[in-house]
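Peer 1: Questions regarding the structure given below will be posed in turn.
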Amino acid sequence: MSDKKMRHDESPFAFIVAAGDEERRRHMQEAFLSSDRAGVIVSVARLDEMLEELLRAHFIPDSRVQNTVFGRSENDGVLGSLAAKYHVAYLLGLISDDTYNAIRVMAKIRNKLAHRSRLHNLSELASDKDGRNLAKQLDHAFEKTGLSAAHWVELPLTNLPRFRFQLLYFLVEGILETAIQSQKDKN
């Protein structure tokens with residue numbers, strides 16, 4: 001794949017965007033057919049929302065207290081930040097160690113892309129020591145899922161950091177959807 005800008009209908013993720021309900025299609029379009037930076041930010045924001053949904057489903061159904069704990073605006077409550085949500089979900093046993101680490105790495109990558117104006121895509125992540133460390137952590141999280149490159153030999157996209165990030169996102173999204181449904185079924 002060249003560095004030239006890919007048209008939306010040429011994206012390797014175009015088939016994914018066509019599936020699901022309208023809200024999911026909008027999310028997928030923004031996450032997969034836009035820039036790496038936007039895709040990472042939107043994907044991690046969705047994981048943040050899903051972790052909140054998982055925790056709310058686990059907690060007793062007291063919306064007044066839940067709204068206080070999660071806050072009405074970002075970082076307002078004790079569970080307002082993404083980090084607080086994935087830490088608590090892990091400590092409650094709602095997500096595994098591998099899922100916890102995958103979310104943690106994706107959140108760090110999101111922060112790096114969101115707060116560094118010179119980083120435009122995931123391939124540029126390794127431009128400094130901290131970024132190289134994050135790229136290694138992404139690779140490690142990817143390998144821990146069992147989605148190693150050996151399983152995708154025919155797909156040259158597997159070596160692209162964005163492809164690895166998005167595959168990891170899909171896996172974590174599916175794990176969180178299953179966990180949310182499990183918590184809802186218990187109640």
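The chains in the structure tokens are called A, B, ... from first to last as shown; in each chain the residues are counted from 1, and the ligands are counted from 1 in the order shown.
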List as a PyMOL selection string the protein and nucleic acid residues near region 122-135 of chain A, meaning an atom at most 6 Å away when only C-alpha atoms are counted, but skip any in the same chain fewer than 2 places from it.
Peer 2: chain A and resi 137-138+161-162
Peer 1: Write a file of the just-selected residues containing N, CA, C and O atoms, as a PDB file, in the first residue's frame.
Peer 2:
```
ATOM      1  N   GLN A 137       4.404  -2.306  22.569  1.00  0.00           N
ATOM      2  CA  GLN A 137       3.296  -2.748  23.421  1.00  0.00           C
ATOM      3  C   GLN A 137       2.072  -3.124  22.587  1.00  0.00           C
ATOM      4  O   GLN A 137       1.376  -4.090  22.899  1.00  0.00           O
ATOM      5  N   LEU A 138       1.825  -2.364  21.513  1.00  0.00           N
ATOM      6  CA  LEU A 138       0.721  -2.698  20.611  1.00  0.00           C
ATOM      7  C   LEU A 138       0.971  -4.054  19.975  1.00  0.00           C
ATOM      8  O   LEU A 138       0.076  -4.903  19.932  1.00  0.00           O
ATOM      9  N   PRO A 161       0.619  -0.814  11.221  1.00  0.00           N
ATOM     10  CA  PRO A 161       0.182  -0.558  12.587  1.00  0.00           C
ATOM     11  C   PRO A 161      -1.322  -0.277  12.692  1.00  0.00           C
ATOM     12  O   PRO A 161      -1.965  -0.713  13.639  1.00  0.00           O
ATOM     13  N   ARG A 162      -1.881   0.428  11.711  1.00  0.00           N
ATOM     14  CA  ARG A 162      -3.316   0.727  11.780  1.00  0.00           C
ATOM     15  C   ARG A 162      -4.142  -0.552  11.704  1.00  0.00           C
ATOM     16  O   ARG A 162      -5.111  -0.707  12.424  1.00  0.00           O
TER      17      ARG A 162
END
```
Peer 1: As a VMD selection string, please: every residue in region 37-174 of chain A that DSSP puts in helix (DSSP H, G or I).
Peer 2: chain A and resid 37 to 58 63 to 70 82 to 91 97 to 115 122 to 127 129 to 144 149 to 152 156 to 159 161 to 174
Peer 1: Could you check the closest approach to Lys184 (chain A) for each of A:Phe170, A:Phe59, A:Phe163, A:Phe70 and tell me which residue wins, using only C-alpha atoms?
Peer 2: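 The shortest atom-to-atom distance to Lys184 (chain A) comes from A:Phe59.
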Peer 1: Pick from A:Ser35, A:Gln183, A:Asn101, A:Ser96: nearest to Phe142 (chain A), with only C-alpha atoms counted?
Peer 2: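 That would be A:Asn101, the residue with the smallest distance to Phe142 (chain A).
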Peer 1: List the neighbours of Ile41 (chain A) out to 9 Å using only C-alpha atoms; skip same-chain residues closer than 4 positions along the sequence, and give me the result as a list in words.
Peer 2: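 The contact residues come out as Ala31, Asp36, Arg37, Ala45, Arg46, Ala107, Ile109, Arg110, Asn111, Leu113 and Ala114 of chain A.
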Peer 1: Please, could you write that set of residues out with C-alpha atoms as a PDB file, in the first residue's frame?
Peer 2:
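Below you can see result.pdb, which holds the result:
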```pdb
ATOM      1  CA  ALA A  31     -13.047   5.146  12.823  1.00  0.00           C
ATOM      2  CA  ASP A  36      -5.284   7.149  11.713  1.00  0.00           C
ATOM      3  CA  ARG A  37      -5.507   9.850  14.378  1.00  0.00           C
ATOM      4  CA  ALA A  45     -13.812   6.726  22.809  1.00  0.00           C
ATOM      5  CA  ARG A  46     -16.123   3.835  21.922  1.00  0.00           C
ATOM      6  CA  ALA A 107      -5.505   4.456  25.439  1.00  0.00           C
ATOM      7  CA  ILE A 109      -1.627   5.423  21.799  1.00  0.00           C
ATOM      8  CA  ARG A 110      -4.765   7.579  21.664  1.00  0.00           C
ATOM      9  CA  ASN A 111      -3.203  10.053  24.080  1.00  0.00           C
ATOM     10  CA  LEU A 113      -1.766  10.830  18.802  1.00  0.00           C
ATOM     11  CA  ALA A 114      -4.174  13.325  20.362  1.00  0.00           C
TER      12      ALA A 114
END
```
Peer 1: Identify, on the basis of only C-alpha atoms, every residue whose closest approach to Leu54 (chain A) does not exceed 8 Å; exclude the query and any residue fewer than 5 positions from it along the same chain; express the result as a PyMOL selection string.
Peer 2: chain A and resi 89+94+176+179-180+183
Peer 1: Could you name the residues that touch Val88 (chain A) at 9 Å or less, counting only C-alpha atoms, but leaving out those on the same chain fewer than 5 positions away, as a PyMOL selection string?
Peer 2: chain A and resi 55+79+83+93-94
Peer 1: Take CA of Thr99 (chain A) and CA of Ala141 (chain A) and report the distance between them in Å, one decimal.
Peer 2: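 Taking CA of Thr99 (chain A) and CA of Ala141 (chain A), their separation equals 8.6 Å.
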